[in-house]
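Undergrad: Input file: model-v5.txt. Contents: compact mmCIF, C-alpha atoms and all ligand atoms.
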# COMPACT_ATOMS: atom_id res chain seq x y z
CA MET Z 1 0.00 0.00 0.00
CA SER Z 2 1.40 3.37 -0.96
CA ASP Z 3 1.67 5.97 1.81
CA THR Z 4 2.73 8.76 -0.51
CA ALA Z 5 -0.03 8.88 -3.14
CA THR Z 6 -3.26 10.58 -2.13
CA PRO Z 7 -5.87 7.83 -2.08
CA GLY Z 8 -8.93 8.56 -4.20
CA ALA Z 9 -7.33 11.59 -5.87
CA GLY Z 10 -7.26 10.12 -9.39
CA PRO Z 11 -10.15 9.94 -11.86
CA ALA Z 12 -12.82 7.40 -11.02
CA LEU Z 13 -13.11 4.18 -13.01
CA LEU Z 14 -16.39 3.35 -11.33
CA GLU Z 15 -18.53 5.82 -9.48
CA ALA Z 16 -21.84 6.06 -7.64
CA VAL Z 17 -23.27 9.57 -7.87
CA ASP Z 18 -26.07 10.32 -5.42
CA LEU Z 19 -27.07 6.70 -5.93
CA SER Z 20 -30.20 5.19 -4.48
CA ALA Z 21 -30.58 1.47 -4.96
CA GLY Z 22 -32.84 -1.36 -3.90
CA TYR Z 23 -35.71 -3.59 -4.80
CA GLY Z 24 -39.05 -2.47 -6.20
CA SER Z 25 -39.73 0.90 -4.63
CA LEU Z 26 -37.70 0.09 -1.49
CA ALA Z 27 -34.41 1.99 -1.44
CA ALA Z 28 -31.99 -0.13 0.57
CA VAL Z 29 -29.19 2.36 -0.21
CA ARG Z 30 -29.74 6.09 -0.31
CA ASN Z 31 -27.80 8.99 -1.79
CA LEU Z 32 -24.49 7.20 -1.94
CA ASN Z 33 -21.46 8.94 -3.43
CA LEU Z 34 -18.56 6.55 -3.86
CA LYS Z 35 -15.74 6.11 -6.29
CA VAL Z 36 -13.12 3.54 -7.16
CA GLY Z 37 -9.99 4.72 -8.96
CA ALA Z 38 -7.13 2.87 -10.61
CA GLY Z 39 -4.61 1.34 -8.24
CA GLU Z 40 -6.66 1.52 -5.08
CA ILE Z 41 -8.56 -0.82 -2.82
CA VAL Z 42 -11.73 0.76 -1.49
CA ALA Z 43 -13.30 -1.08 1.44
CA LEU Z 44 -17.09 -1.00 1.72
CA LEU Z 45 -18.01 -1.96 5.25
CA GLY Z 46 -21.18 -2.22 7.29
CA ALA Z 47 -23.44 -4.53 9.27
CA ASN Z 48 -25.58 -7.31 7.80
CA GLY Z 49 -28.32 -5.71 5.74
CA ALA Z 50 -26.55 -2.33 5.55
CA GLY Z 51 -26.73 -2.35 1.75
CA LYS Z 52 -23.28 -3.50 0.63
CA THR Z 53 -24.44 -6.21 -1.79
CA THR Z 54 -27.19 -3.95 -3.11
CA THR Z 55 -24.52 -1.34 -3.85
CA ILE Z 56 -22.29 -3.87 -5.62
CA LEU Z 57 -25.17 -5.30 -7.68
CA THR Z 58 -26.16 -1.82 -8.79
CA LEU Z 59 -22.61 -0.81 -9.63
CA CYS Z 60 -22.16 -3.88 -11.80
CA GLY Z 61 -25.48 -3.51 -13.62
CA GLU Z 62 -27.42 -6.40 -12.11
CA LEU Z 63 -29.83 -3.91 -10.49
CA GLU Z 64 -31.12 -0.69 -12.03
CA PRO Z 65 -30.51 2.41 -9.87
CA LEU Z 66 -33.64 3.79 -8.21
CA GLY Z 67 -32.10 7.25 -8.30
CA GLY Z 68 -28.83 8.95 -9.09
CA GLU Z 69 -26.31 7.41 -11.41
CA VAL Z 70 -23.59 4.83 -11.86
CA ARG Z 71 -20.65 6.05 -13.92
CA TRP Z 72 -18.28 3.54 -15.54
CA LEU Z 73 -15.06 4.77 -17.18
CA GLY Z 74 -16.32 8.35 -16.94
CA GLU Z 75 -19.65 7.75 -18.70
CA PRO Z 76 -23.14 6.96 -17.41
CA ALA Z 77 -23.19 3.17 -17.16
CA LYS Z 78 -25.64 1.38 -19.41
CA GLY Z 79 -26.45 -2.24 -19.90
CA PRO Z 80 -26.02 -5.37 -17.84
CA LEU Z 81 -22.97 -6.88 -16.20
CA HIS Z 82 -21.84 -8.87 -19.22
CA ARG Z 83 -21.47 -5.65 -21.22
CA ARG Z 84 -19.48 -3.95 -18.45
CA ALA Z 85 -17.51 -7.18 -18.01
CA ARG Z 86 -16.32 -6.90 -21.61
CA ASP Z 87 -14.85 -3.52 -20.70
CA GLY Z 88 -13.05 -4.89 -17.69
CA LEU Z 89 -15.46 -5.06 -14.76
CA SER Z 90 -15.20 -8.27 -12.78
CA LEU Z 91 -17.37 -9.50 -9.92
CA VAL Z 92 -16.34 -12.09 -7.35
CA THR Z 93 -18.74 -13.15 -4.62
CA GLU Z 94 -18.69 -15.64 -1.79
CA GLU Z 95 -20.25 -18.18 -4.13
CA LYS Z 96 -17.30 -19.99 -5.56
CA SER Z 97 -18.05 -19.70 -9.23
CA VAL Z 98 -16.12 -22.70 -10.42
CA PHE Z 99 -17.38 -25.51 -12.61
CA MET Z 100 -17.21 -28.39 -10.18
CA GLY Z 101 -17.11 -31.11 -12.85
CA LEU Z 102 -14.19 -29.54 -14.70
CA SER Z 103 -10.56 -29.67 -13.63
CA ALA Z 104 -8.93 -26.66 -11.99
CA SER Z 105 -6.90 -26.19 -15.14
CA GLU Z 106 -10.01 -26.23 -17.36
CA ASN Z 107 -11.62 -23.71 -15.04
CA LEU Z 108 -8.67 -21.39 -15.51
CA ARG Z 109 -8.80 -21.80 -19.29
CA LEU Z 110 -12.44 -20.73 -19.26
CA GLY Z 111 -11.44 -17.32 -17.93
CA SER Z 112 -10.51 -14.42 -20.16
CA GLY Z 113 -6.97 -14.35 -18.82
CA ASP Z 114 -3.80 -16.35 -19.16
CA PRO Z 115 -3.89 -19.45 -16.89
CA SER Z 116 -0.17 -19.07 -16.23
CA ALA Z 117 -0.81 -15.60 -14.77
CA ALA Z 118 -3.33 -17.21 -12.43
CA ILE Z 119 -0.75 -19.77 -11.31
CA GLU Z 120 1.85 -17.08 -10.87
CA LEU Z 121 -0.51 -15.32 -8.47
CA PHE Z 122 -1.42 -18.54 -6.65
CA PRO Z 123 1.39 -21.09 -7.11
CA GLU Z 124 -0.25 -23.22 -4.42
CA LEU Z 125 -2.88 -24.18 -7.03
CA GLU Z 126 -0.34 -25.78 -9.33
CA PRO Z 127 -0.29 -29.27 -7.71
CA HIS Z 128 -4.10 -29.38 -8.01
CA LEU Z 129 -4.51 -28.35 -11.63
CA ALA Z 130 -5.53 -31.80 -12.86
CA ARG Z 131 -8.09 -32.33 -10.08
CA LYS Z 132 -11.79 -31.70 -10.54
CA ALA Z 133 -12.64 -28.36 -8.97
CA GLY Z 134 -15.42 -30.03 -7.00
CA LEU Z 135 -12.78 -32.06 -5.14
CA LEU Z 136 -10.81 -29.02 -4.03
CA SER Z 137 -11.35 -27.50 -0.58
CA GLY Z 138 -13.62 -24.49 -0.26
CA GLY Z 139 -10.58 -22.27 0.16
CA GLN Z 140 -8.89 -23.72 -2.92
CA GLN Z 141 -12.08 -23.24 -4.92
CA GLN Z 142 -12.22 -19.60 -3.90
CA MET Z 143 -8.54 -19.21 -4.74
CA LEU Z 144 -9.34 -20.63 -8.17
CA THR Z 145 -12.25 -18.22 -8.58
CA LEU Z 146 -10.13 -15.23 -7.62
CA ALA Z 147 -7.12 -16.41 -9.64
CA ARG Z 148 -9.28 -16.70 -12.76
CA ALA Z 149 -10.81 -13.26 -12.21
CA LEU Z 150 -7.46 -11.54 -11.57
CA ALA Z 151 -5.71 -13.30 -14.46
CA GLY Z 152 -8.26 -11.58 -16.73
CA ARG Z 153 -6.63 -8.30 -15.65
CA PRO Z 154 -9.89 -6.51 -14.90
CA ARG Z 155 -9.86 -2.73 -14.69
CA VAL Z 156 -12.11 -2.98 -11.64
CA LEU Z 157 -12.77 -5.94 -9.39
CA LEU Z 158 -15.88 -5.94 -7.23
CA ALA Z 159 -15.38 -8.40 -4.39
CA ASP Z 160 -18.42 -9.18 -2.26
CA GLU Z 161 -17.31 -11.20 0.77
CA LEU Z 162 -14.99 -13.34 -1.29
CA SER Z 163 -13.55 -14.75 1.92
CA LEU Z 164 -16.82 -15.73 3.59
CA GLY Z 165 -16.33 -18.77 5.78
CA LEU Z 166 -12.61 -19.09 5.07
CA ALA Z 167 -9.84 -19.36 7.66
CA PRO Z 168 -8.16 -16.04 8.55
CA ILE Z 169 -4.85 -17.09 7.03
CA LEU Z 170 -6.57 -17.73 3.72
CA VAL Z 171 -8.40 -14.40 3.87
CA HIS Z 172 -4.98 -12.81 4.28
CA ARG Z 173 -3.59 -14.76 1.34
CA LEU Z 174 -6.47 -13.82 -1.00
CA LEU Z 175 -6.29 -10.14 -0.12
CA GLU Z 176 -2.52 -10.15 -0.48
CA ALA Z 177 -2.96 -11.36 -4.09
CA VAL Z 178 -5.59 -8.70 -4.73
CA ARG Z 179 -3.20 -6.06 -3.39
CA ARG Z 180 -0.45 -7.31 -5.69
CA CYS Z 181 -2.65 -6.84 -8.76
CA VAL Z 182 -3.66 -3.39 -7.57
CA ASP Z 183 -0.04 -2.35 -7.14
CA ASP Z 184 1.38 -4.08 -10.24
CA LEU Z 185 -1.44 -3.61 -12.74
CA GLY Z 186 -3.37 -0.61 -11.42
CA THR Z 187 -6.55 -2.58 -10.85
CA GLY Z 188 -9.25 -0.73 -8.91
CA VAL Z 189 -10.99 -2.79 -6.23
CA LEU Z 190 -14.18 -2.38 -4.25
CA LEU Z 191 -13.89 -4.78 -1.35
CA VAL Z 192 -16.82 -5.85 0.81
CA GLU Z 193 -15.38 -7.77 3.70
CA GLN Z 194 -16.65 -8.90 7.11
CA HIS Z 195 -13.09 -9.10 8.40
CA VAL Z 196 -12.96 -5.36 9.09
CA ARG Z 197 -9.43 -5.17 10.46
CA GLU Z 198 -8.03 -7.33 7.68
CA ALA Z 199 -9.83 -5.21 5.07
CA LEU Z 200 -8.49 -1.97 6.52
CA GLN Z 201 -4.99 -3.41 6.53
CA TRP Z 202 -5.05 -3.79 2.74
CA ALA Z 203 -7.34 -0.92 1.71
CA ASP Z 204 -6.49 2.64 0.73
CA ARG Z 205 -9.88 4.14 1.48
CA VAL Z 206 -13.03 3.11 3.29
CA TYR Z 207 -16.77 3.77 3.24
CA VAL Z 208 -19.02 2.56 6.04
CA LEU Z 209 -22.73 2.03 5.41
CA GLU Z 210 -25.30 2.04 8.16
CA ARG Z 211 -28.84 1.11 7.16
CA GLY Z 212 -28.26 2.18 3.58
CA VAL Z 213 -26.57 5.48 4.33
CA CYS Z 214 -22.86 6.26 4.25
CA VAL Z 215 -21.82 7.28 7.76
CA PHE Z 216 -18.04 7.28 7.37
CA GLU Z 217 -15.76 7.94 4.43
CA ASP Z 218 -12.03 8.40 4.75
CA THR Z 219 -8.60 6.94 4.15
CA ALA Z 220 -8.02 3.44 5.46
CA SER Z 221 -5.39 4.79 7.83
CA SER Z 222 -8.04 7.07 9.34
CA GLY Z 223 -10.39 4.06 9.37
CA ARG Z 224 -7.81 2.13 11.38
CA LEU Z 225 -7.76 4.96 13.93
CA HIS Z 226 -11.57 4.82 14.13
CA ILE Z 227 -11.79 1.05 14.15
CA GLU Z 228 -13.84 0.82 17.34
CA GLU Z 229 -16.35 3.36 16.04
CA ILE Z 230 -16.63 1.40 12.79
CA GLU Z 231 -17.09 -1.87 14.61
CA ARG Z 232 -19.77 -0.26 16.78
CA SER Z 233 -21.71 0.62 13.63
CA TYR Z 234 -22.01 -3.13 13.08
CA LEU Z 235 -24.23 -3.25 16.13
CA ALA Z 236 -26.67 -0.88 14.40
CA GLY Z 237 -28.22 -3.67 12.37
CA PRO Z 238 -31.18 -3.15 10.06
CA THR Z 239 -33.74 -3.85 12.73
CA ALA Z 240 -32.17 -1.73 15.49
CA SER Z 241 -34.10 1.41 16.33
N1 LIG Z 301 -33.90 -9.42 -3.32
C1 LIG Z 301 -34.28 -8.59 -2.36
N2 LIG Z 301 -35.56 -8.13 -2.29
C2 LIG Z 301 -35.94 -7.27 -1.32
N3 LIG Z 301 -35.13 -6.78 -0.35
C3 LIG Z 301 -33.85 -7.19 -0.38
C4 LIG Z 301 -33.35 -8.12 -1.38
N4 LIG Z 301 -32.05 -8.34 -1.13
C5 LIG Z 301 -31.73 -7.60 -0.05
N5 LIG Z 301 -32.80 -6.90 0.40
C6 LIG Z 301 -32.84 -5.98 1.55
O1 LIG Z 301 -32.02 -4.87 1.24
C7 LIG Z 301 -31.31 -4.46 2.40
C8 LIG Z 301 -29.82 -4.43 2.11
O2 LIG Z 301 -29.39 -5.77 1.86
P1 LIG Z 301 -27.94 -6.14 1.33
O3 LIG Z 301 -27.98 -7.55 0.89
O4 LIG Z 301 -27.53 -5.12 0.35
O5 LIG Z 301 -27.09 -5.98 2.65
P2 LIG Z 301 -25.57 -6.35 2.94
O6 LIG Z 301 -24.92 -5.14 3.52
O7 LIG Z 301 -24.94 -6.94 1.74
O8 LIG Z 301 -25.72 -7.45 4.09
P3 LIG Z 301 -24.84 -8.78 4.39
O9 LIG Z 301 -23.63 -8.31 5.16
O10 LIG Z 301 -25.74 -9.60 5.25
O11 LIG Z 301 -24.48 -9.44 3.10
C9 LIG Z 301 -31.69 -5.40 3.52
O12 LIG Z 301 -32.71 -4.80 4.28
C10 LIG Z 301 -32.23 -6.61 2.79
O13 LIG Z 301 -33.20 -7.27 3.54
MG MG Z 302 -24.14 -8.83 1.29
Take the structure in the file and write it out as structure tokens.
Ligand SMILES: Nc1ncnc2c1ncn2[C@@H]1O[C@H](COP(=O)(O)OP(=O)(O)OP(=O)(O)O)[C@@H](O)[C@H]1O
Ligand SMILES: [Mg+2]

TA:
Amino acid sequence: MSDTATPGAGPALLEAVDLSAGYGSLAAVRNLNLKVGAGEIVALLGANGAGKTTTILTLCGELEPLGGEVRWLGEPAKGPLHRRARDGLSLVTEEKSVFMGLSASENLRLGSGDPSAAIELFPELEPHLARKAGLLSGGQQQMLTLARALAGRPRVLLADELSLGLAPILVHRLLEAVRRCVDDLGTGVLLVEQHVREALQWADRVYVLERGVCVFEDTASSGRLHIEEIERSYLAGPTAS
């Protein structure tokens, strides 16, 4: 992580402008202003039900905004995820999106990137390349998912709890690889992560949502100073008064 550059100072690759988002007429996220620039990890934190996934789904085009705008590469974003994906937007979720009946190697070849770049990022996958993905551990499957996404050299990676249910050491390993791509290739990352301290260790900037509203926005180093305040916001769940 660079201490000298000003995080968030560059032009946005992906941006939410006064964005309201949700389901039907229910706005689960309201008036959100957020941007992701090249070469930065932006952590999006908040309690269960705070609106993180709704934000990600709207940014990637799976949900239509209820108000405001999503901007992608400086233009109002139009069209579904697959169109944005062609221009370098990649989404990784906690659902390990591997084809269980295919080998790890075949899974990597199905990605848009070079399988050898995936193995360079995660050499620990190499001994398992010939195995069916369904026989790999949950952590290895998620490594495969992330390796395939990063090998495609996306401009922006949206990561929604990619480490859900994984051991802390593996969370560390996955985020370390994400950081490497950010630093080496200038990837922009929006990272939703329940491991708050781990996320703030790797991030450059942070937004905290509370019941659909952004209540904290700053550099990750400031976030680390306010860690207890941020963790307290997790107690303000969607049903709290
Ligand atoms: N498909 C849906 N239809 C209606 N309401 C939904 C739908 N999905 C989510 N919601 C509601 O939208 C709000 C925000 O949910 P969202 O999934 O964005 O939260 P989150 O921050 O990702 O939570 P978590 O940490 O549990 O994943 C919640 O009140 C949730 O109940
Ligand atoms: Mg979610």

Undergrad: Produce as a PDB file with C-alpha atoms, in the coordinates of the input the set of residues near ligand LIG 301 (chain Z), where near means within 7 Å with all atoms listed in the file considered.

TA:
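Result saved to selection_19.pdb:
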ATOM      1  CA  GLY Z  22     -32.840  -1.360  -3.900  1.00  0.00           C
ATOM      2  CA  TYR Z  23     -35.710  -3.590  -4.800  1.00  0.00           C
ATOM      3  CA  ALA Z  28     -31.990  -0.130   0.570  1.00  0.00           C
ATOM      4  CA  GLY Z  46     -21.180  -2.220   7.290  1.00  0.00           C
ATOM      5  CA  ALA Z  47     -23.440  -4.530   9.270  1.00  0.00           C
ATOM      6  CA  ASN Z  48     -25.580  -7.310   7.800  1.00  0.00           C
ATOM      7  CA  GLY Z  49     -28.320  -5.710   5.740  1.00  0.00           C
ATOM      8  CA  ALA Z  50     -26.550  -2.330   5.550  1.00  0.00           C
ATOM      9  CA  GLY Z  51     -26.730  -2.350   1.750  1.00  0.00           C
ATOM     10  CA  LYS Z  52     -23.280  -3.500   0.630  1.00  0.00           C
ATOM     11  CA  THR Z  53     -24.440  -6.210  -1.790  1.00  0.00           C
ATOM     12  CA  THR Z  54     -27.190  -3.950  -3.110  1.00  0.00           C
ATOM     13  CA  THR Z  55     -24.520  -1.340  -3.850  1.00  0.00           C
ATOM     14  CA  GLY Z 212     -28.260   2.180   3.580  1.00  0.00           C
ATOM     15  CA  PRO Z 238     -31.180  -3.150  10.060  1.00  0.00           C
TER      16      PRO Z 238
END

Undergrad: Set the distance at 10 Å and use only C-alpha atoms: which residues neighbour Leu129 of chain Z once local chain neighbours fewer than 6 positions away are removed? I'd like the list as a VMD selection string.

TA: chain Z and resid 103 to 108 119 136 144

Undergrad: Hey, what's within 6 Å of Leu14 of chain Z if we count all atoms listed in the file and toss same-chain stuff fewer than 6 positions away? As a JSON list (two decimals) with C-alpha atoms, in the frame of the given file, please?

TA:
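around.json, written as the output of this step:
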[["chain", "number", "residue", "atom", "x", "y", "z"],
["Z", 35, "LYS", "CA", -15.74, 6.11, -6.29],
["Z", 36, "VAL", "CA", -13.12, 3.54, -7.16],
["Z", 71, "ARG", "CA", -20.65, 6.05, -13.92],
["Z", 72, "TRP", "CA", -18.28, 3.54, -15.54]]

Undergrad: Which polymer residues, protein or nucleic acid, are no farther than 10 Å from (-15.7, -4.2, -19.8), counting all atoms listed in the file, as a PyMOL selection string?

TA: chain Z and resi 72-73+81-90+154-156

Undergrad: Which polymer residues, whether protein, DNA or RNA, lie within 9 Å of the coordinate (-9.8, -3.1, 6.1) when you count all atoms listed in the file? List them as a list of chain:residue names, using the chain letters and numbers from the file.

TA: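 All residues meeting the 9 Å criterion around (-9.8, -3.1, 6.1) are Z:Val42, Z:Ala43, Z:Leu44, Z:Leu45, Z:Leu191, Z:Glu193, Z:His195, Z:Val196, Z:Arg197, Z:Glu198, Z:Ala199, Z:Leu200, Z:Gln201, Z:Trp202, Z:Ala203, Z:Asp204, Z:Arg205, Z:Val206, Z:Ala220, Z:Gly223, Z:Arg224.
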
Undergrad: Report the distance between atom CA of Leu19 of chain Z and atom CA of Val92 of chain Z in Å, rounded to one decimal place.

TA: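 Computing the Euclidean distance for atom CA of Leu19 of chain Z and atom CA of Val92 of chain Z yields 21.7 Å.
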
Undergrad: By how many Å are atom CA of Val182 of chain Z and atom CA of Gly39 of chain Z apart?

TA: 4.9 Å

Undergrad: Of the candidates Z:Ala117, Z:Cys214, Z:Leu190, Z:Leu174, which one gets nearest to Ser20 of chain Z if we count only C-alpha atoms?

TA: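 For Ser20 of chain Z, the nearest of the candidates is Z:Cys214.
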
Undergrad: Just the number, please: distance in Å from atom CA of Thr219 of chain Z to atom CA of Tyr207 of chain Z, one decimal.

TA: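 Taking atom CA of Thr219 of chain Z as the start and atom CA of Tyr207 of chain Z as the end point, the length is 8.8 Å.
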
Undergrad: Counting only C-alpha atoms and all ligand atoms, figure out which residue out of Z:Glu95, Z:Glu229, Z:Glu15, Z:Glu40 gets nearest to ligand MG 302 (chain Z).

TA: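 Under the stated criterion, the closest residue is Z:Glu95.
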
Undergrad: How about completing segment 181-214 of chain Z with N, CA and C atoms and giving it to me as a PDB file, in the frame of the given file?

TA:
ATOM      1  N   CYS Z 181      -2.124  -7.257  -7.443  1.00  0.00           N
ATOM      2  CA  CYS Z 181      -2.650  -6.840  -8.760  1.00  0.00           C
ATOM      3  C   CYS Z 181      -2.925  -5.345  -8.777  1.00  0.00           C
ATOM      4  N   VAL Z 182      -3.391  -4.827  -7.663  1.00  0.00           N
ATOM      5  CA  VAL Z 182      -3.660  -3.390  -7.570  1.00  0.00           C
ATOM      6  C   VAL Z 182      -2.360  -2.619  -7.754  1.00  0.00           C
ATOM      7  N   ASP Z 183      -1.317  -3.069  -7.079  1.00  0.00           N
ATOM      8  CA  ASP Z 183      -0.040  -2.350  -7.140  1.00  0.00           C
ATOM      9  C   ASP Z 183       0.676  -2.560  -8.471  1.00  0.00           C
ATOM     10  N   ASP Z 184       0.615  -3.780  -9.014  1.00  0.00           N
ATOM     11  CA  ASP Z 184       1.380  -4.080 -10.240  1.00  0.00           C
ATOM     12  C   ASP Z 184       0.642  -3.668 -11.505  1.00  0.00           C
ATOM     13  N   LEU Z 185      -0.682  -3.803 -11.494  1.00  0.00           N
ATOM     14  CA  LEU Z 185      -1.440  -3.610 -12.740  1.00  0.00           C
ATOM     15  C   LEU Z 185      -2.374  -2.395 -12.692  1.00  0.00           C
ATOM     16  N   GLY Z 186      -2.488  -1.774 -11.526  1.00  0.00           N
ATOM     17  CA  GLY Z 186      -3.370  -0.610 -11.420  1.00  0.00           C
ATOM     18  C   GLY Z 186      -4.846  -0.951 -11.366  1.00  0.00           C
ATOM     19  N   THR Z 187      -5.151  -2.196 -11.007  1.00  0.00           N
ATOM     20  CA  THR Z 187      -6.550  -2.580 -10.850  1.00  0.00           C
ATOM     21  C   THR Z 187      -7.204  -1.721  -9.760  1.00  0.00           C
ATOM     22  N   GLY Z 188      -8.471  -1.382  -9.964  1.00  0.00           N
ATOM     23  CA  GLY Z 188      -9.250  -0.730  -8.910  1.00  0.00           C
ATOM     24  C   GLY Z 188     -10.136  -1.766  -8.255  1.00  0.00           C
ATOM     25  N   VAL Z 189     -10.234  -1.743  -6.936  1.00  0.00           N
ATOM     26  CA  VAL Z 189     -10.990  -2.790  -6.230  1.00  0.00           C
ATOM     27  C   VAL Z 189     -11.977  -2.182  -5.248  1.00  0.00           C
ATOM     28  N   LEU Z 190     -13.207  -2.683  -5.302  1.00  0.00           N
ATOM     29  CA  LEU Z 190     -14.180  -2.380  -4.250  1.00  0.00           C
ATOM     30  C   LEU Z 190     -14.356  -3.652  -3.447  1.00  0.00           C
ATOM     31  N   LEU Z 191     -14.004  -3.586  -2.183  1.00  0.00           N
ATOM     32  CA  LEU Z 191     -13.890  -4.780  -1.350  1.00  0.00           C
ATOM     33  C   LEU Z 191     -14.919  -4.747  -0.218  1.00  0.00           C
ATOM     34  N   VAL Z 192     -15.894  -5.649  -0.300  1.00  0.00           N
ATOM     35  CA  VAL Z 192     -16.820  -5.850   0.810  1.00  0.00           C
ATOM     36  C   VAL Z 192     -16.286  -7.013   1.625  1.00  0.00           C
ATOM     37  N   GLU Z 193     -16.100  -6.783   2.905  1.00  0.00           N
ATOM     38  CA  GLU Z 193     -15.380  -7.770   3.700  1.00  0.00           C
ATOM     39  C   GLU Z 193     -15.865  -7.703   5.151  1.00  0.00           C
ATOM     40  N   GLN Z 194     -16.229  -8.879   5.695  1.00  0.00           N
ATOM     41  CA  GLN Z 194     -16.650  -8.900   7.110  1.00  0.00           C
ATOM     42  C   GLN Z 194     -15.454  -8.819   8.059  1.00  0.00           C
ATOM     43  N   HIS Z 195     -14.277  -9.211   7.559  1.00  0.00           N
ATOM     44  CA  HIS Z 195     -13.090  -9.100   8.400  1.00  0.00           C
ATOM     45  C   HIS Z 195     -12.598  -7.653   8.327  1.00  0.00           C
ATOM     46  N   VAL Z 196     -13.164  -6.816   9.187  1.00  0.00           N
ATOM     47  CA  VAL Z 196     -12.960  -5.360   9.090  1.00  0.00           C
ATOM     48  C   VAL Z 196     -11.481  -4.989   9.229  1.00  0.00           C
ATOM     49  N   ARG Z 197     -10.837  -5.549  10.220  1.00  0.00           N
ATOM     50  CA  ARG Z 197      -9.430  -5.170  10.460  1.00  0.00           C
ATOM     51  C   ARG Z 197      -8.540  -5.624   9.318  1.00  0.00           C
ATOM     52  N   GLU Z 198      -8.805  -6.812   8.817  1.00  0.00           N
ATOM     53  CA  GLU Z 198      -8.030  -7.330   7.680  1.00  0.00           C
ATOM     54  C   GLU Z 198      -8.265  -6.440   6.456  1.00  0.00           C
ATOM     55  N   ALA Z 199      -9.511  -6.057   6.231  1.00  0.00           N
ATOM     56  CA  ALA Z 199      -9.830  -5.210   5.070  1.00  0.00           C
ATOM     57  C   ALA Z 199      -9.108  -3.866   5.175  1.00  0.00           C
ATOM     58  N   LEU Z 200      -9.116  -3.297   6.365  1.00  0.00           N
ATOM     59  CA  LEU Z 200      -8.490  -1.970   6.520  1.00  0.00           C
ATOM     60  C   LEU Z 200      -6.969  -2.054   6.426  1.00  0.00           C
ATOM     61  N   GLN Z 201      -6.439  -3.235   6.664  1.00  0.00           N
ATOM     62  CA  GLN Z 201      -4.990  -3.410   6.530  1.00  0.00           C
ATOM     63  C   GLN Z 201      -4.564  -3.301   5.058  1.00  0.00           C
ATOM     64  N   TRP Z 202      -5.420  -3.757   4.159  1.00  0.00           N
ATOM     65  CA  TRP Z 202      -5.050  -3.790   2.740  1.00  0.00           C
ATOM     66  C   TRP Z 202      -5.607  -2.613   1.944  1.00  0.00           C
ATOM     67  N   ALA Z 203      -6.634  -1.947   2.495  1.00  0.00           N
ATOM     68  CA  ALA Z 203      -7.340  -0.920   1.710  1.00  0.00           C
ATOM     69  C   ALA Z 203      -6.604   0.411   1.736  1.00  0.00           C
ATOM     70  N   ASP Z 204      -6.963   1.256   0.760  1.00  0.00           N
ATOM     71  CA  ASP Z 204      -6.490   2.640   0.730  1.00  0.00           C
ATOM     72  C   ASP Z 204      -7.535   3.583   1.314  1.00  0.00           C
ATOM     73  N   ARG Z 205      -8.802   3.293   0.993  1.00  0.00           N
ATOM     74  CA  ARG Z 205      -9.880   4.140   1.480  1.00  0.00           C
ATOM     75  C   ARG Z 205     -11.020   3.275   1.974  1.00  0.00           C
ATOM     76  N   VAL Z 206     -11.934   3.887   2.712  1.00  0.00           N
ATOM     77  CA  VAL Z 206     -13.030   3.110   3.290  1.00  0.00           C
ATOM     78  C   VAL Z 206     -14.325   3.934   3.314  1.00  0.00           C
ATOM     79  N   TYR Z 207     -15.424   3.224   3.038  1.00  0.00           N
ATOM     80  CA  TYR Z 207     -16.770   3.770   3.240  1.00  0.00           C
ATOM     81  C   TYR Z 207     -17.474   2.819   4.207  1.00  0.00           C
ATOM     82  N   VAL Z 208     -18.228   3.393   5.140  1.00  0.00           N
ATOM     83  CA  VAL Z 208     -19.020   2.560   6.040  1.00  0.00           C
ATOM     84  C   VAL Z 208     -20.496   2.894   5.827  1.00  0.00           C
ATOM     85  N   LEU Z 209     -21.282   1.856   5.560  1.00  0.00           N
ATOM     86  CA  LEU Z 209     -22.730   2.030   5.410  1.00  0.00           C
ATOM     87  C   LEU Z 209     -23.424   1.637   6.691  1.00  0.00           C
ATOM     88  N   GLU Z 210     -24.445   2.402   7.038  1.00  0.00           N
ATOM     89  CA  GLU Z 210     -25.300   2.040   8.160  1.00  0.00           C
ATOM     90  C   GLU Z 210     -26.735   2.206   7.686  1.00  0.00           C
ATOM     91  N   ARG Z 211     -27.451   1.100   7.642  1.00  0.00           N
ATOM     92  CA  ARG Z 211     -28.840   1.110   7.160  1.00  0.00           C
ATOM     93  C   ARG Z 211     -28.992   1.907   5.862  1.00  0.00           C
ATOM     94  N   GLY Z 212     -28.127   1.626   4.925  1.00  0.00           N
ATOM     95  CA  GLY Z 212     -28.260   2.180   3.580  1.00  0.00           C
ATOM     96  C   GLY Z 212     -27.679   3.572   3.381  1.00  0.00           C
ATOM     97  N   VAL Z 213     -27.114   4.128   4.444  1.00  0.00           N
ATOM     98  CA  VAL Z 213     -26.570   5.480   4.330  1.00  0.00           C
ATOM     99  C   VAL Z 213     -25.080   5.454   4.687  1.00  0.00           C
ATOM    100  N   CYS Z 214     -24.288   6.204   3.951  1.00  0.00           N
ATOM    101  CA  CYS Z 214     -22.860   6.260   4.250  1.00  0.00           C
ATOM    102  C   CYS Z 214     -22.626   7.128   5.478  1.00  0.00           C
TER     103      CYS Z 214
END
